[in-house]
>>> print(open('query_20.cif').read())   # mmCIF, C-alpha atoms
data_work
loop_
_atom_site.label_atom_id
_atom_site.label_comp_id
_atom_site.auth_asym_id
_atom_site.auth_seq_id
_atom_site.Cartn_x
_atom_site.Cartn_y
_atom_site.Cartn_z
CA MET A 18 -16.88 -13.67 -6.36
CA SER A 19 -16.55 -10.15 -5.04
CA THR A 20 -14.32 -7.52 -6.58
CA VAL A 21 -11.64 -5.64 -4.71
CA LEU A 22 -13.83 -2.52 -4.63
CA ASP A 23 -16.74 -4.60 -3.28
CA ARG A 24 -14.49 -5.92 -0.52
CA ILE A 25 -13.29 -2.41 0.34
CA SER A 26 -16.93 -1.31 0.56
CA GLU A 27 -17.84 -4.34 2.73
CA LEU A 28 -15.15 -3.17 5.17
CA GLY A 29 -16.94 0.19 5.41
CA LEU A 30 -14.19 1.93 3.46
CA GLU A 31 -14.01 3.84 0.20
CA LEU A 32 -11.20 4.10 -2.30
CA PRO A 33 -10.11 7.75 -2.16
CA LYS A 34 -9.06 9.97 -5.03
CA VAL A 35 -5.34 9.90 -5.76
CA ALA A 36 -3.52 12.40 -3.56
CA ALA A 37 -1.78 15.15 -5.49
CA PRO A 38 2.01 14.79 -5.43
CA ALA A 39 3.80 17.10 -2.99
CA GLY A 40 6.82 17.28 -5.31
CA VAL A 41 8.11 16.33 -8.72
CA TYR A 42 7.09 12.66 -9.03
CA VAL A 43 4.18 10.46 -10.01
CA PRO A 44 1.99 8.70 -7.41
CA ALA A 45 2.65 5.27 -8.97
CA LEU A 46 4.63 3.82 -11.84
CA ARG A 47 4.28 0.54 -13.69
CA THR A 48 7.24 -1.34 -15.08
CA GLY A 49 6.58 -4.77 -16.55
CA ASN A 50 4.10 -6.57 -14.30
CA TYR A 51 4.89 -4.50 -11.21
CA VAL A 52 3.50 -1.24 -9.92
CA TYR A 53 5.56 0.79 -7.44
CA THR A 54 3.94 3.57 -5.47
CA SER A 55 5.65 6.68 -4.32
CA GLY A 56 5.44 7.27 -0.58
CA GLN A 57 1.78 7.62 0.34
CA LEU A 58 0.69 9.73 3.30
CA PRO A 59 -2.54 9.30 5.27
CA VAL A 60 -4.15 12.25 3.52
CA VAL A 61 -7.94 12.56 3.85
CA ASP A 62 -9.75 15.14 1.70
CA GLY A 63 -6.47 16.87 0.90
CA ALA A 64 -5.19 17.19 4.46
CA LEU A 65 -3.41 15.16 7.12
CA PRO A 66 -5.74 14.23 10.01
CA THR A 67 -2.87 14.70 12.46
CA THR A 68 0.86 15.31 12.59
CA GLY A 69 3.58 14.40 15.05
CA HIS A 70 5.77 11.61 16.31
CA LEU A 71 4.78 8.17 17.49
CA GLY A 72 5.92 7.93 21.09
CA ALA A 73 5.02 11.58 21.75
CA GLU A 74 2.03 13.33 20.14
CA VAL A 75 0.64 10.24 18.38
CA ASP A 76 -0.29 6.91 20.00
CA VAL A 77 0.05 3.45 18.44
CA ASP A 78 -3.68 3.03 17.76
CA THR A 79 -3.82 6.34 15.89
CA GLY A 80 -0.68 5.42 13.95
CA TYR A 81 -2.25 2.08 13.03
CA GLN A 82 -5.35 3.84 11.65
CA LEU A 83 -3.19 6.31 9.75
CA ALA A 84 -1.27 3.41 8.19
CA ARG A 85 -4.60 1.97 6.98
CA ILE A 86 -5.46 5.30 5.37
CA ALA A 87 -2.05 5.50 3.71
CA GLY A 88 -2.58 1.92 2.48
CA LEU A 89 -5.89 2.91 0.89
CA ASN A 90 -4.20 5.90 -0.72
CA ALA A 91 -1.58 3.54 -2.15
CA LEU A 92 -4.37 1.44 -3.68
CA ALA A 93 -5.82 4.59 -5.25
CA ALA A 94 -2.42 5.40 -6.75
CA ILE A 95 -2.15 1.84 -8.10
CA ALA A 96 -5.67 2.06 -9.57
CA SER A 97 -4.66 5.26 -11.37
CA VAL A 98 -2.08 3.22 -13.27
CA ILE A 99 -3.86 -0.11 -13.88
CA GLY A 100 -7.53 0.90 -13.70
CA ASP A 101 -9.07 -2.23 -12.20
CA LEU A 102 -7.68 -3.32 -8.82
CA ASP A 103 -8.84 -6.85 -9.61
CA ARG A 104 -5.79 -7.01 -11.89
CA ILE A 105 -3.55 -7.23 -8.80
CA VAL A 106 -1.98 -10.68 -8.70
CA ARG A 107 -0.48 -10.10 -5.26
CA VAL A 108 0.87 -7.48 -2.90
CA VAL A 109 4.64 -8.00 -3.03
CA LYS A 110 6.16 -5.50 -0.59
CA VAL A 111 5.12 -2.82 1.88
CA THR A 112 7.67 -0.40 3.25
CA GLY A 113 6.39 1.63 6.17
CA PHE A 114 8.07 4.68 7.63
CA VAL A 115 7.05 5.77 11.13
CA ASN A 116 7.85 9.26 12.41
CA SER A 117 9.16 8.18 15.82
CA THR A 118 10.76 9.44 18.97
CA ASP A 119 14.22 8.01 19.69
CA ASP A 120 12.90 5.48 22.18
CA PHE A 121 9.82 4.33 20.21
CA THR A 122 10.11 0.68 19.13
CA GLN A 123 6.58 -0.26 18.04
CA GLN A 124 6.94 0.56 14.34
CA PRO A 125 5.75 -2.96 13.38
CA ALA A 126 2.52 -2.49 15.36
CA VAL A 127 1.85 0.76 13.49
CA ILE A 128 2.54 -0.67 10.02
CA ASN A 129 0.35 -3.66 10.86
CA GLY A 130 -2.46 -1.23 9.96
CA VAL A 131 -1.69 -1.45 6.25
CA SER A 132 -0.60 -5.12 6.38
CA GLU A 133 -3.81 -6.24 8.06
CA LEU A 134 -5.88 -4.06 5.69
CA TYR A 135 -4.35 -5.79 2.68
CA GLY A 136 -5.03 -9.17 4.26
CA GLU A 137 -8.68 -8.16 4.78
CA ILE A 138 -9.01 -6.94 1.20
CA PHE A 139 -6.94 -9.46 -0.75
CA GLY A 140 -6.79 -12.55 1.48
CA ASP A 141 -3.72 -14.66 0.69
CA LYS A 142 -2.81 -12.35 -2.21
CA GLY A 143 -2.37 -9.60 0.38
CA GLN A 144 0.42 -11.39 2.27
CA HIS A 145 3.65 -9.51 1.55
CA ALA A 146 7.25 -8.86 2.48
CA ARG A 147 7.58 -5.79 4.68
CA SER A 148 9.83 -3.31 6.37
CA ALA A 149 8.75 -1.04 9.25
CA VAL A 150 11.31 1.70 9.73
CA GLY A 151 11.48 4.39 12.39
CA VAL A 152 12.60 7.83 11.19
CA ASN A 153 13.01 11.15 12.96
CA THR A 154 10.84 13.15 10.53
CA LEU A 155 8.59 12.69 7.51
CA PRO A 156 7.15 15.10 4.92
CA LEU A 157 4.63 17.62 6.27
CA GLY A 158 5.08 16.16 9.76
CA THR A 159 3.02 13.07 8.89
CA PRO A 160 3.26 10.26 11.44
CA VAL A 161 3.26 7.51 8.76
CA GLU A 162 4.25 7.02 5.12
CA VAL A 163 4.00 3.80 3.10
CA GLU A 164 5.34 2.55 -0.22
CA VAL A 165 3.77 -0.47 -1.89
CA VAL A 166 4.82 -2.82 -4.68
CA VAL A 167 2.22 -5.03 -6.35
CA GLU A 168 2.38 -7.58 -9.14
CA VAL A 169 -0.33 -7.16 -11.75
CA GLU A 170 -1.69 -9.25 -14.58
CA ASP A 171 0.11 -9.09 -17.89
CA ASP A 172 -1.59 -6.67 -20.29
CA ALA A 173 -2.01 -9.57 -22.70
CA ALA A 174 -3.97 -11.57 -20.09
#
>>> encode(input="query_20.cif", output="structure tokens")
Amino acid sequence: MSTVLDRISELGLELPKVAAPAGVYVPALRTGNYVYTSGQLPVVDGALPTTGHLGAEVDVDTGYQLARIAGLNALAAIASVIGDLDRIVRVVKVTGFVNSTDDFTQQPAVINGVSELYGEIFGDKGQHARSAVGVNTLPLGTPVEVEVVVEVEDDAA
């Protein structure tokens, strides 16, 4: 049986370091058997690969890839709280924010990037409730931001 990190590696990906907070908050917080992430941006090596709005400067395929990166960053934040990602019982909820023009309506296609990633990594445990919301701006001009809630094993387990 492969571990979550093995599966991430098999997909040609790598779990990044936790992104430094851009404000006064923690990247993730555990309460009971749930871990909630703060909004995660698609930061790579400390910088955003691109900025702008979906429907203008950023196309759907790029937004999809950025959502995948933000999803990996969320997993890094979760790992910083629980250590071993194999302790995830299931992905419960993904909330995706898409920096969109007024007439852009493909937010679900963009946030599919993180949803499909979690399916590839976790299988059935990666199926989750989700919201894909269009907004007129996001921090630092990022095209995508995601928040994730996961259920984790009880510490006594």
>>> residues_around(input="query_20.cif", residues="segment 23-32 of chain A", least_positions_apart="5", cutoff="7 Å", atoms="all atoms listed in the file", output="list in words")
Leu89, Ala93 and Ile138 of chain A
>>> resolve_selection(input="query_20.cif", expression="the PyMOL selection byres ((chain A and resi 119) around 9)", output="VMD selection string")
chain A and resid 72 117 to 118 120 to 122 151 to 153
>>> closest_residue(input="query_20.cif", among="A:Ala91, A:Ile105, A:Pro156, A:Glu74", to="Pro44 of chain A", atoms="only C-alpha atoms")
A:Ala91
>>> resolve_selection(input="query_20.cif", expression="the PyMOL selection byres ((chain A and resi 40) around 12)", output="list in words")
Ala36, Ala37, Pro38, Ala39, Val41, Tyr42, Val43, Pro44, Ser55, Gly56, Pro156 and Leu157 of chain A
>>> atom_distance(input="query_20.cif", atom1="atom CA of Pro125 of chain A", atom2="atom CA of Val61 of chain A")
22.8 Å
>>> atom_distance(input="query_20.cif", atom1="atom CA of Leu155 of chain A", atom2="atom CA of Thr79 of chain A")
16.3 Å
>>> resolve_selection(input="query_20.cif", expression="the PyMOL selection byres ((chain A and resi 99-104) around 6)", output="list of chain:residue names")
A:Val21, A:Ala96, A:Ser97, A:Val98, A:Ile105, A:Val169, A:Glu170
>>> atom_distance(input="query_20.cif", atom1="atom CA of Pro59 of chain A", atom2="atom CA of Ala126 of chain A")
16.3 Å
>>> closest_residue(input="query_20.cif", among="A:Asp172, A:Glu164, A:Glu137, A:Asp78", to="Val150 of chain A", atoms="all atoms listed in the file")
A:Glu164
>>> residues_around(input="query_20.cif", residues="Pro160 of chain A", least_positions_apart="3", cutoff="7 Å", atoms="all atoms listed in the file", output="PyMOL selection string")
chain A and resi 68-71+80+115-116
>>> axis_aligned_box(input="query_20.cif", around="segment 153-158 of chain A", padding_each_side="8 Å", output="JSON")
{"center_x": 8.8, "center_y": 14.4, "center_z": 8.9, "size_x": 24.4, "size_y": 22.5, "size_z": 24.0}
>>> closest_residue(input="query_20.cif", among="A:Gly63, A:Gly113, A:Gly49, A:Gly158", to="Lys34 of chain A", atoms="all atoms listed in the file")
A:Gly63
>>> closest_residue(input="query_20.cif", among="A:Val161, A:Leu65, A:Val106, A:Ala94", to="Tyr53 of chain A", atoms="only C-alpha atoms")
A:Ala94
>>> closest_residue(input="query_20.cif", among="A:Ile128, A:Leu46, A:Leu22, A:Val109", to="Tyr81 of chain A", atoms="all atoms listed in the file")
A:Ile128
>>> closest_residue(input="query_20.cif", among="A:Val111, A:Arg85, A:Ala149, A:Thr154", to="Glu133 of chain A", atoms="all atoms listed in the file")
A:Arg85
>>> residues_around(input="query_20.cif", residues="Asn50 of chain A", least_positions_apart="2", cutoff="8 Å", atoms="all atoms listed in the file", output="ChimeraX atom specification")
/A:47-48,52,168-171
>>> residues_around(input="query_20.cif", residues="Ala87 of chain A", least_positions_apart="4", cutoff="7 Å", atoms="all atoms listed in the file", output="PyMOL selection string")
chain A and resi 57-59+83+91+162-163
>>> decode(input="query_20.cif", residues="segment 34-46 of chain A", atoms="all heavy atoms", output="CSV table (one decimal), in the first residue's frame")
chain,number,residue,atom,x,y,z
A,34,LYS,N,7.2,23.2,0.7
A,34,LYS,CA,7.3,23.7,2.0
A,34,LYS,C,6.1,24.6,2.3
A,34,LYS,O,5.5,25.1,1.3
A,34,LYS,CB,8.6,24.6,2.2
A,34,LYS,CG,9.9,23.8,2.1
A,34,LYS,CD,11.1,24.6,2.3
A,34,LYS,CE,12.3,23.7,2.1
A,34,LYS,NZ,13.4,24.1,2.8
A,35,VAL,N,5.7,24.7,3.5
A,35,VAL,CA,4.6,25.6,3.9
A,35,VAL,C,4.9,27.0,3.5
A,35,VAL,O,5.9,27.5,3.9
A,35,VAL,CB,4.2,25.4,5.4
A,35,VAL,CG1,3.0,26.3,5.7
A,35,VAL,CG2,4.0,24.0,5.7
A,36,ALA,N,3.9,27.6,2.8
A,36,ALA,CA,4.1,29.0,2.4
A,36,ALA,C,4.0,29.9,3.7
A,36,ALA,O,3.1,29.6,4.6
A,36,ALA,CB,3.0,29.4,1.4
A,37,ALA,N,4.8,30.9,3.8
A,37,ALA,CA,4.8,31.8,4.9
A,37,ALA,C,3.5,32.6,4.9
A,37,ALA,O,3.1,33.1,3.8
A,37,ALA,CB,6.0,32.8,4.8
A,38,PRO,N,2.8,32.8,6.0
A,38,PRO,CA,1.6,33.6,6.0
A,38,PRO,C,1.9,35.0,5.5
A,38,PRO,O,2.9,35.6,5.8
A,38,PRO,CB,1.2,33.6,7.5
A,38,PRO,CG,1.8,32.4,8.1
A,38,PRO,CD,3.1,32.2,7.3
A,39,ALA,N,0.9,35.6,4.8
A,39,ALA,CA,1.0,37.0,4.3
A,39,ALA,C,0.3,37.9,5.3
A,39,ALA,O,0.0,39.1,4.9
A,39,ALA,CB,0.4,37.1,2.9
A,40,GLY,N,0.0,37.4,6.5
A,40,GLY,CA,-0.7,38.3,7.5
A,40,GLY,C,-0.6,37.6,8.8
A,40,GLY,O,0.2,36.8,9.1
A,41,VAL,N,-1.5,38.0,9.7
A,41,VAL,CA,-1.5,37.5,11.1
A,41,VAL,C,-2.5,36.3,11.2
A,41,VAL,O,-3.6,36.5,11.5
A,41,VAL,CB,-1.9,38.6,12.1
A,41,VAL,CG1,-1.8,38.1,13.5
A,41,VAL,CG2,-1.0,39.8,11.9
A,42,TYR,N,-2.0,35.1,10.9
A,42,TYR,CA,-2.8,33.9,10.9
A,42,TYR,C,-1.8,32.7,10.8
A,42,TYR,O,-0.6,32.9,10.6
A,42,TYR,CB,-3.8,33.8,9.8
A,42,TYR,CG,-3.2,33.9,8.4
A,42,TYR,CD1,-2.8,32.7,7.8
A,42,TYR,CD2,-3.0,35.1,7.8
A,42,TYR,CE1,-2.3,32.8,6.5
A,42,TYR,CE2,-2.5,35.1,6.5
A,42,TYR,CZ,-2.1,34.0,5.9
A,42,TYR,OH,-1.5,34.0,4.6
A,43,VAL,N,-2.3,31.5,11.0
A,43,VAL,CA,-1.5,30.3,10.9
A,43,VAL,C,-2.0,29.6,9.6
A,43,VAL,O,-3.1,29.7,9.2
A,43,VAL,CB,-1.7,29.3,12.1
A,43,VAL,CG1,-1.1,30.0,13.3
A,43,VAL,CG2,-3.1,29.0,12.3
A,44,PRO,N,-1.1,28.9,8.9
A,44,PRO,CA,-1.5,28.2,7.7
A,44,PRO,C,-2.6,27.2,7.8
A,44,PRO,O,-3.4,27.0,6.9
A,44,PRO,CB,-0.2,27.6,7.2
A,44,PRO,CG,0.9,28.4,7.8
A,44,PRO,CD,0.3,28.8,9.2
A,45,ALA,N,-2.6,26.5,9.0
A,45,ALA,CA,-3.6,25.5,9.2
A,45,ALA,C,-3.8,25.3,10.7
A,45,ALA,O,-2.9,25.6,11.5
A,45,ALA,CB,-3.2,24.1,8.6
A,46,LEU,N,-5.0,24.9,11.1
A,46,LEU,CA,-5.3,24.8,12.5
A,46,LEU,C,-6.2,23.5,12.7
A,46,LEU,O,-7.1,23.3,12.0
A,46,LEU,CB,-6.1,26.0,12.9
A,46,LEU,CG,-6.6,26.0,14.4
A,46,LEU,CD1,-5.5,26.2,15.3
A,46,LEU,CD2,-7.7,27.1,14.5
